[in-house]
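Notes for the one structure printed next.
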Amino acid sequence: MKASVVTAYGGPEVMKYQDMPDPEPGPGDVLVKVAGIGVNPEDMLERNGVLKGWHLHFPAIIGLDVSGTVAATGDGVTDLKVGDRVCGFSYHTYAELVVDKATLFAKVPETMDLVDAAAIPLVGATGSQLISVASGLEPGQTVLVSGAAGAVGRCAVYAAKALGAGVIAGVQRYQLGLADSIGADETIALDDPAAFATIPQVDIVANVLRGKSARDLLAKVKDGGTFASVTGEPGGAKDYPKVRVVPFVSERGRSAIALIADAVNAGKLTIPIDHRDELKNAGAAQAAVTKGHIGKVLLVP
């Protein structure tokens, strides 16, 4: 198979398109013929060596998001069959073929574009689990989702609304025009001091921001409330002893991805997609994502 691989730690230039061995499904696995691959910030952190816990053996295939068609199944797989359209939060996805546990793949609705489905898995799992797992949300509570215009934030807004919460979307001023597509009850520019001052105390902050922006939001959580964050514990958390701070890392699994895929397919949730590029141009696609302020970038084998 062909794959875009990391040949050494470094910038986009270390990505090379070359032949790699075909993976083989083991017990409980599915082999997926890839249709689309989502490019995520984590891909670049792995490529440049920032994620030191993830030791790459070069040439290394990176990538977390994938969609495609089941091409083969391993022993014991009964819930997926050859020909099924699927997407998953997997590993080693910058390739024409991907193998992983069947339980990590959700079926893609027949009416959804299969390539576009690659935009869903990582952000869908992260955003929905930030609410359903980390926040401890109860119906009727109020949630402020920071970074709500981004893909993870949009998924968190949807999950919170689906569980019966009142939702405030925290965005940047230039993103206020996107309010209708985010789906929250209210949208506030977090970088507008006057608007920030009007934010009421909330039961939960579901945070995807870093630095001062995250730290400032701690003050908006009620005593006994929760600050759930995918970016770790913010600085200054010790100054808010009555706030439960929950650093959260999403888990791979089918149910959270299926929830978001169904919502996107039904038009209840929008995950903006900026453009597609060929898998052989993975380095250039990563460079585009690094510049920021765009929707999801997808690779196509």
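Identifiers in this document derive from the order of the structure tokens: chains are assigned A, B, ..., residues are numbered from 1 separately in each chain, and ligands are numbered from 1 in order of occurrence.
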
Taking the DSSP secondary structure from the backbone, can you list the residues of region 6-79 of chain A that are strand (DSSP E), as a CSV table (one decimal) with C-alpha atoms, in the first residue's frame?
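Dumped to part-v8.csv:
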```csv
chain,number,residue,atom,x,y,z
A,6,VAL,CA,7.2,10.5,8.9
A,15,MET,CA,6.5,13.7,5.3
A,16,LYS,CA,7.2,11.3,2.5
A,17,TYR,CA,4.9,9.3,0.2
A,18,GLN,CA,6.0,5.8,-0.2
A,19,ASP,CA,5.2,2.1,-0.2
A,29,ASP,CA,-9.9,-6.5,13.9
A,30,VAL,CA,-11.2,-5.0,10.7
A,31,LEU,CA,-9.2,-4.1,7.6
A,32,VAL,CA,-10.5,-0.8,6.2
A,33,LYS,CA,-9.9,0.5,2.7
A,34,VAL,CA,-9.4,4.1,3.3
A,35,ALA,CA,-11.6,6.8,1.7
A,36,GLY,CA,-10.7,9.8,3.9
A,37,ILE,CA,-8.3,10.9,6.6
A,38,GLY,CA,-8.7,13.8,9.0
A,39,VAL,CA,-5.7,16.0,9.7
A,65,ASP,CA,-9.1,9.9,11.9
A,66,VAL,CA,-10.2,7.6,9.2
A,67,SER,CA,-13.2,6.7,7.1
A,68,GLY,CA,-13.6,3.9,4.5
A,69,THR,CA,-15.0,0.6,3.6
A,70,VAL,CA,-14.4,-2.7,5.5
A,71,ALA,CA,-12.3,-4.9,3.2
A,72,ALA,CA,-11.8,-7.8,5.6
A,73,THR,CA,-12.6,-9.0,9.1
```

Non-local contacts of Gly236 (chain A) (9 Å; only C-alpha atoms; under 2 positions in same chain excluded) as number ranges by chain: A: 215-216, 218, 233-234, 238-240

Residues near Met44 (chain A), cut-off 12 Å, only C-alpha atoms, skip fewer than 6 positions along chain, as a list in words: Val6, Tyr9, Gly10, Gly11, Pro12, Glu13, Val14, Met15, Val50, Leu51, Ile62, Gly63, Leu64, Ala282, Gly283, Ala284, Ala285, Gln286, Ala287, Ala288, Val289, Thr290 and Lys291 of chain A

What does the file look like for those residues with N, CA and C atoms, as a short mmCIF file (atom, residue, chain, number, x, y, z; two decimals), in the first residue's frame?
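What landed in part.cif:
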```
data_model
loop_
_atom_site.label_atom_id
_atom_site.label_comp_id
_atom_site.auth_asym_id
_atom_site.auth_seq_id
_atom_site.Cartn_x
_atom_site.Cartn_y
_atom_site.Cartn_z
N VAL A 6 6.25 9.65 8.31
CA VAL A 6 7.21 10.53 8.95
C VAL A 6 8.57 9.85 8.86
N TYR A 9 11.88 13.27 12.98
CA TYR A 9 11.17 14.35 13.65
C TYR A 9 11.50 15.67 12.96
N GLY A 10 10.47 16.48 12.73
CA GLY A 10 10.71 17.76 12.07
C GLY A 10 9.43 18.37 11.55
N GLY A 11 9.58 19.27 10.56
CA GLY A 11 8.46 19.99 9.98
C GLY A 11 7.78 19.21 8.88
N PRO A 12 6.91 19.88 8.12
CA PRO A 12 6.17 19.20 7.05
C PRO A 12 7.06 18.50 6.03
N GLU A 13 8.29 18.99 5.90
CA GLU A 13 9.18 18.43 4.89
C GLU A 13 9.58 16.98 5.18
N VAL A 14 9.38 16.49 6.42
CA VAL A 14 9.77 15.12 6.75
C VAL A 14 8.70 14.11 6.30
N MET A 15 7.57 14.60 5.81
CA MET A 15 6.53 13.69 5.33
C MET A 15 6.89 13.20 3.93
N VAL A 50 7.00 16.54 19.76
CA VAL A 50 6.52 17.15 21.01
C VAL A 50 5.88 16.09 21.90
N LEU A 51 5.13 15.18 21.31
CA LEU A 51 4.51 14.11 22.08
C LEU A 51 5.54 13.01 22.32
N ILE A 62 1.49 8.04 10.86
CA ILE A 62 0.74 8.69 11.92
C ILE A 62 -0.71 8.86 11.48
N GLY A 63 -1.50 9.58 12.26
CA GLY A 63 -2.89 9.85 11.91
C GLY A 63 -3.86 9.18 12.85
N LEU A 64 -5.00 9.85 13.10
CA LEU A 64 -5.98 9.39 14.07
C LEU A 64 -7.38 9.22 13.49
N ALA A 282 0.44 15.23 2.21
CA ALA A 282 0.14 15.33 3.64
C ALA A 282 0.90 16.46 4.32
N GLY A 283 2.15 16.66 3.94
CA GLY A 283 2.94 17.73 4.56
C GLY A 283 2.34 19.10 4.32
N ALA A 284 1.91 19.35 3.09
CA ALA A 284 1.29 20.63 2.77
C ALA A 284 -0.03 20.80 3.50
N ALA A 285 -0.80 19.72 3.63
CA ALA A 285 -2.07 19.78 4.34
C ALA A 285 -1.84 20.10 5.82
N GLN A 286 -0.81 19.50 6.40
CA GLN A 286 -0.48 19.79 7.80
C GLN A 286 -0.07 21.25 7.97
N ALA A 287 0.68 21.77 7.03
CA ALA A 287 1.10 23.17 7.11
C ALA A 287 -0.10 24.10 7.07
N ALA A 288 -1.12 23.76 6.28
CA ALA A 288 -2.33 24.57 6.21
C ALA A 288 -3.06 24.57 7.55
N VAL A 289 -3.14 23.40 8.18
CA VAL A 289 -3.81 23.30 9.47
C VAL A 289 -3.05 24.09 10.54
N THR A 290 -1.73 24.06 10.49
CA THR A 290 -0.91 24.75 11.48
C THR A 290 -1.17 26.26 11.46
N LYS A 291 -1.49 26.80 10.29
CA LYS A 291 -1.76 28.24 10.18
C LYS A 291 -3.03 28.64 10.91
#
```

With the cut-off set at 10 Å and counting only C-alpha atoms, tabulate each residue of region 192-232 of chain A with an atom at most that distance from an atom of region 114-136 of chain A, showing the nearest atom pair and its distance in Å to one decimal, ordered by chain and increasing number, as a tab-separated table.
```
residue	atom	partner	partner_atom	distance
A:Asp203	CA	A:Ser135	CA	9.5
A:Ile204	CA	A:Ser135	CA	6.8
A:Val205	CA	A:Ser135	CA	8.1
A:Ala206	CA	A:Leu130	CA	6.7
A:Asn207	CA	A:Leu130	CA	8.5
A:Val208	CA	A:Gly127	CA	9.0
A:Gly225	CA	A:Ser135	CA	9.1
A:Thr226	CA	A:Ser135	CA	6.3
A:Phe227	CA	A:Ser135	CA	7.3
A:Ala228	CA	A:Ser135	CA	5.5
A:Ser229	CA	A:Leu130	CA	7.4
A:Val230	CA	A:Leu130	CA	7.3
```

Could the residues in this selection be saved with C-alpha atoms as a PDB file, in the first residue's frame?
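Ended up saving to part-v2.pdb:
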```pdb
ATOM      1  CA  ASP A 203     -22.545  25.084  36.464  1.00  0.00           C
ATOM      2  CA  ILE A 204     -19.947  23.816  34.010  1.00  0.00           C
ATOM      3  CA  VAL A 205     -17.253  25.182  31.753  1.00  0.00           C
ATOM      4  CA  ALA A 206     -16.365  22.718  28.985  1.00  0.00           C
ATOM      5  CA  ASN A 207     -12.999  24.055  27.917  1.00  0.00           C
ATOM      6  CA  VAL A 208     -10.896  23.558  24.803  1.00  0.00           C
ATOM      7  CA  GLY A 225     -19.316  23.493  39.708  1.00  0.00           C
ATOM      8  CA  THR A 226     -17.003  21.796  37.229  1.00  0.00           C
ATOM      9  CA  PHE A 227     -14.274  23.019  34.905  1.00  0.00           C
ATOM     10  CA  ALA A 228     -13.793  20.132  32.450  1.00  0.00           C
ATOM     11  CA  SER A 229     -10.881  20.652  30.078  1.00  0.00           C
ATOM     12  CA  VAL A 230      -9.273  18.841  27.162  1.00  0.00           C
TER      13      VAL A 230
END
```

Backbone-only DSSP, helix (DSSP H, G or I) members of region 213-281 of chain A, as a ChimeraX atom specification: /A:213-220,237-239,254-265,279-281

Written selection (N, CA and C atoms) as a PDB file, in the first residue's frame:
```
ATOM      1  N   SER A 213      -6.873  32.496  28.486  1.00  0.00           N
ATOM      2  CA  SER A 213      -8.297  32.340  28.177  1.00  0.00           C
ATOM      3  C   SER A 213      -8.934  31.285  29.070  1.00  0.00           C
ATOM      4  N   ALA A 214      -8.254  30.152  29.236  1.00  0.00           N
ATOM      5  CA  ALA A 214      -8.773  29.099  30.104  1.00  0.00           C
ATOM      6  C   ALA A 214      -8.765  29.543  31.562  1.00  0.00           C
ATOM      7  N   ARG A 215      -7.689  30.165  31.987  1.00  0.00           N
ATOM      8  CA  ARG A 215      -7.560  30.608  33.381  1.00  0.00           C
ATOM      9  C   ARG A 215      -8.668  31.589  33.750  1.00  0.00           C
ATOM     10  N   ASP A 216      -8.973  32.520  32.870  1.00  0.00           N
ATOM     11  CA  ASP A 216     -10.007  33.506  33.156  1.00  0.00           C
ATOM     12  C   ASP A 216     -11.385  32.865  33.324  1.00  0.00           C
ATOM     13  N   LEU A 217     -11.624  31.774  32.616  1.00  0.00           N
ATOM     14  CA  LEU A 217     -12.931  31.134  32.676  1.00  0.00           C
ATOM     15  C   LEU A 217     -13.187  30.411  33.993  1.00  0.00           C
ATOM     16  N   LEU A 218     -12.148  30.122  34.745  1.00  0.00           N
ATOM     17  CA  LEU A 218     -12.344  29.504  36.058  1.00  0.00           C
ATOM     18  C   LEU A 218     -13.252  30.356  36.935  1.00  0.00           C
ATOM     19  N   ALA A 219     -13.131  31.680  36.790  1.00  0.00           N
ATOM     20  CA  ALA A 219     -13.922  32.595  37.622  1.00  0.00           C
ATOM     21  C   ALA A 219     -15.400  32.562  37.275  1.00  0.00           C
ATOM     22  N   LYS A 220     -15.764  31.940  36.160  1.00  0.00           N
ATOM     23  CA  LYS A 220     -17.157  31.899  35.736  1.00  0.00           C
ATOM     24  C   LYS A 220     -17.880  30.635  36.202  1.00  0.00           C
ATOM     25  N   ALA A 237      -5.668  27.218  38.966  1.00  0.00           N
ATOM     26  CA  ALA A 237      -6.776  26.388  39.437  1.00  0.00           C
ATOM     27  C   ALA A 237      -6.803  26.300  40.959  1.00  0.00           C
ATOM     28  N   LYS A 238      -5.638  26.356  41.592  1.00  0.00           N
ATOM     29  CA  LYS A 238      -5.583  26.265  43.061  1.00  0.00           C
ATOM     30  C   LYS A 238      -6.270  27.449  43.734  1.00  0.00           C
ATOM     31  N   ASP A 239      -6.464  28.525  43.005  1.00  0.00           N
ATOM     32  CA  ASP A 239      -7.144  29.695  43.568  1.00  0.00           C
ATOM     33  C   ASP A 239      -8.659  29.522  43.592  1.00  0.00           C
ATOM     34  N   ARG A 254     -16.827   3.436  19.763  1.00  0.00           N
ATOM     35  CA  ARG A 254     -17.828   3.564  18.708  1.00  0.00           C
ATOM     36  C   ARG A 254     -18.971   4.502  19.046  1.00  0.00           C
ATOM     37  N   SER A 255     -19.477   4.464  20.278  1.00  0.00           N
ATOM     38  CA  SER A 255     -20.745   5.120  20.588  1.00  0.00           C
ATOM     39  C   SER A 255     -20.685   6.626  20.435  1.00  0.00           C
ATOM     40  N   ALA A 256     -19.617   7.257  20.923  1.00  0.00           N
ATOM     41  CA  ALA A 256     -19.520   8.710  20.825  1.00  0.00           C
ATOM     42  C   ALA A 256     -19.417   9.159  19.373  1.00  0.00           C
ATOM     43  N   ILE A 257     -18.701   8.397  18.547  1.00  0.00           N
ATOM     44  CA  ILE A 257     -18.562   8.733  17.134  1.00  0.00           C
ATOM     45  C   ILE A 257     -19.901   8.583  16.416  1.00  0.00           C
ATOM     46  N   ALA A 258     -20.625   7.506  16.734  1.00  0.00           N
ATOM     47  CA  ALA A 258     -21.929   7.277  16.103  1.00  0.00           C
ATOM     48  C   ALA A 258     -22.905   8.392  16.445  1.00  0.00           C
ATOM     49  N   LEU A 259     -22.873   8.858  17.694  1.00  0.00           N
ATOM     50  CA  LEU A 259     -23.752   9.955  18.112  1.00  0.00           C
ATOM     51  C   LEU A 259     -23.542  11.186  17.240  1.00  0.00           C
ATOM     52  N   ILE A 260     -22.282  11.552  17.031  1.00  0.00           N
ATOM     53  CA  ILE A 260     -21.975  12.752  16.260  1.00  0.00           C
ATOM     54  C   ILE A 260     -22.221  12.530  14.771  1.00  0.00           C
ATOM     55  N   ALA A 261     -21.895  11.344  14.264  1.00  0.00           N
ATOM     56  CA  ALA A 261     -22.144  11.058  12.844  1.00  0.00           C
ATOM     57  C   ALA A 261     -23.629  11.164  12.516  1.00  0.00           C
ATOM     58  N   ASP A 262     -24.463  10.628  13.387  1.00  0.00           N
ATOM     59  CA  ASP A 262     -25.903  10.696  13.154  1.00  0.00           C
ATOM     60  C   ASP A 262     -26.396  12.146  13.200  1.00  0.00           C
ATOM     61  N   ALA A 263     -25.833  12.943  14.121  1.00  0.00           N
ATOM     62  CA  ALA A 263     -26.244  14.347  14.230  1.00  0.00           C
ATOM     63  C   ALA A 263     -25.846  15.140  12.990  1.00  0.00           C
ATOM     64  N   VAL A 264     -24.633  14.911  12.503  1.00  0.00           N
ATOM     65  CA  VAL A 264     -24.177  15.587  11.287  1.00  0.00           C
ATOM     66  C   VAL A 264     -25.048  15.181  10.107  1.00  0.00           C
ATOM     67  N   ASN A 265     -25.324  13.892  10.001  1.00  0.00           N
ATOM     68  CA  ASN A 265     -26.116  13.396   8.882  1.00  0.00           C
ATOM     69  C   ASN A 265     -27.533  13.965   8.895  1.00  0.00           C
ATOM     70  N   LEU A 279      -3.410  12.340  -0.369  1.00  0.00           N
ATOM     71  CA  LEU A 279      -2.584  11.779   0.700  1.00  0.00           C
ATOM     72  C   LEU A 279      -1.104  12.064   0.476  1.00  0.00           C
ATOM     73  N   LYS A 280      -0.675  12.090  -0.765  1.00  0.00           N
ATOM     74  CA  LYS A 280       0.735  12.338  -1.057  1.00  0.00           C
ATOM     75  C   LYS A 280       1.154  13.750  -0.675  1.00  0.00           C
ATOM     76  N   ASN A 281       0.181  14.635  -0.473  1.00  0.00           N
ATOM     77  CA  ASN A 281       0.470  16.017  -0.088  1.00  0.00           C
ATOM     78  C   ASN A 281       0.240  16.255   1.403  1.00  0.00           C
TER      79      ASN A 281
END
```

Minimum-distance residue to Ala149 (chain A), chosen among A:Thr103, A:Pro272, A:Asp277, A:Asp22 (using only C-alpha atoms): A:Pro272

Output as a Markdown table one row per residue of region 173-261 of chain A within 6 Å of region 152-167 of chain A: the closest atom pair and its distance in Å to one decimal place, counting only C-alpha atoms, sorted by chain and residue number ascending.
```
| residue | atom | partner | partner_atom | distance |
| --- | --- | --- | --- | --- |
| A:Ile182 | CA | A:Arg154 | CA | 5.8 |
| A:Ala184 | CA | A:Val167 | CA | 5.3 |
| A:Asp185 | CA | A:Val167 | CA | 5.4 |
```

Restricting the output to C-alpha atoms, write the selected residues as a PDB file, in the first residue's frame.
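Result file is again-v4.pdb:
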```
ATOM      1  CA  ILE A 182     -23.061  26.398  16.358  1.00  0.00           C
ATOM      2  CA  ALA A 184     -26.064  27.179  21.354  1.00  0.00           C
ATOM      3  CA  ASP A 185     -28.682  29.172  23.252  1.00  0.00           C
TER       4      ASP A 185
END
```

Residue with smallest distance to Pro241 (chain A) - pool A:Val98, A:Val86, A:Val221, A:Met112, counting only C-alpha atoms: A:Val221

Within 10 Å of Ile199 (chain A) using only C-alpha atoms, minus same-chain residues under 6 positions, as a count of residues only: 8

Coordinates-based distance that separates CA of Val5 (chain A) from CA of Leu299 (chain A) (Å, one decimal):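 Separation between CA of Leu299 (chain A) and CA of Val5 (chain A): 13.3 Å.
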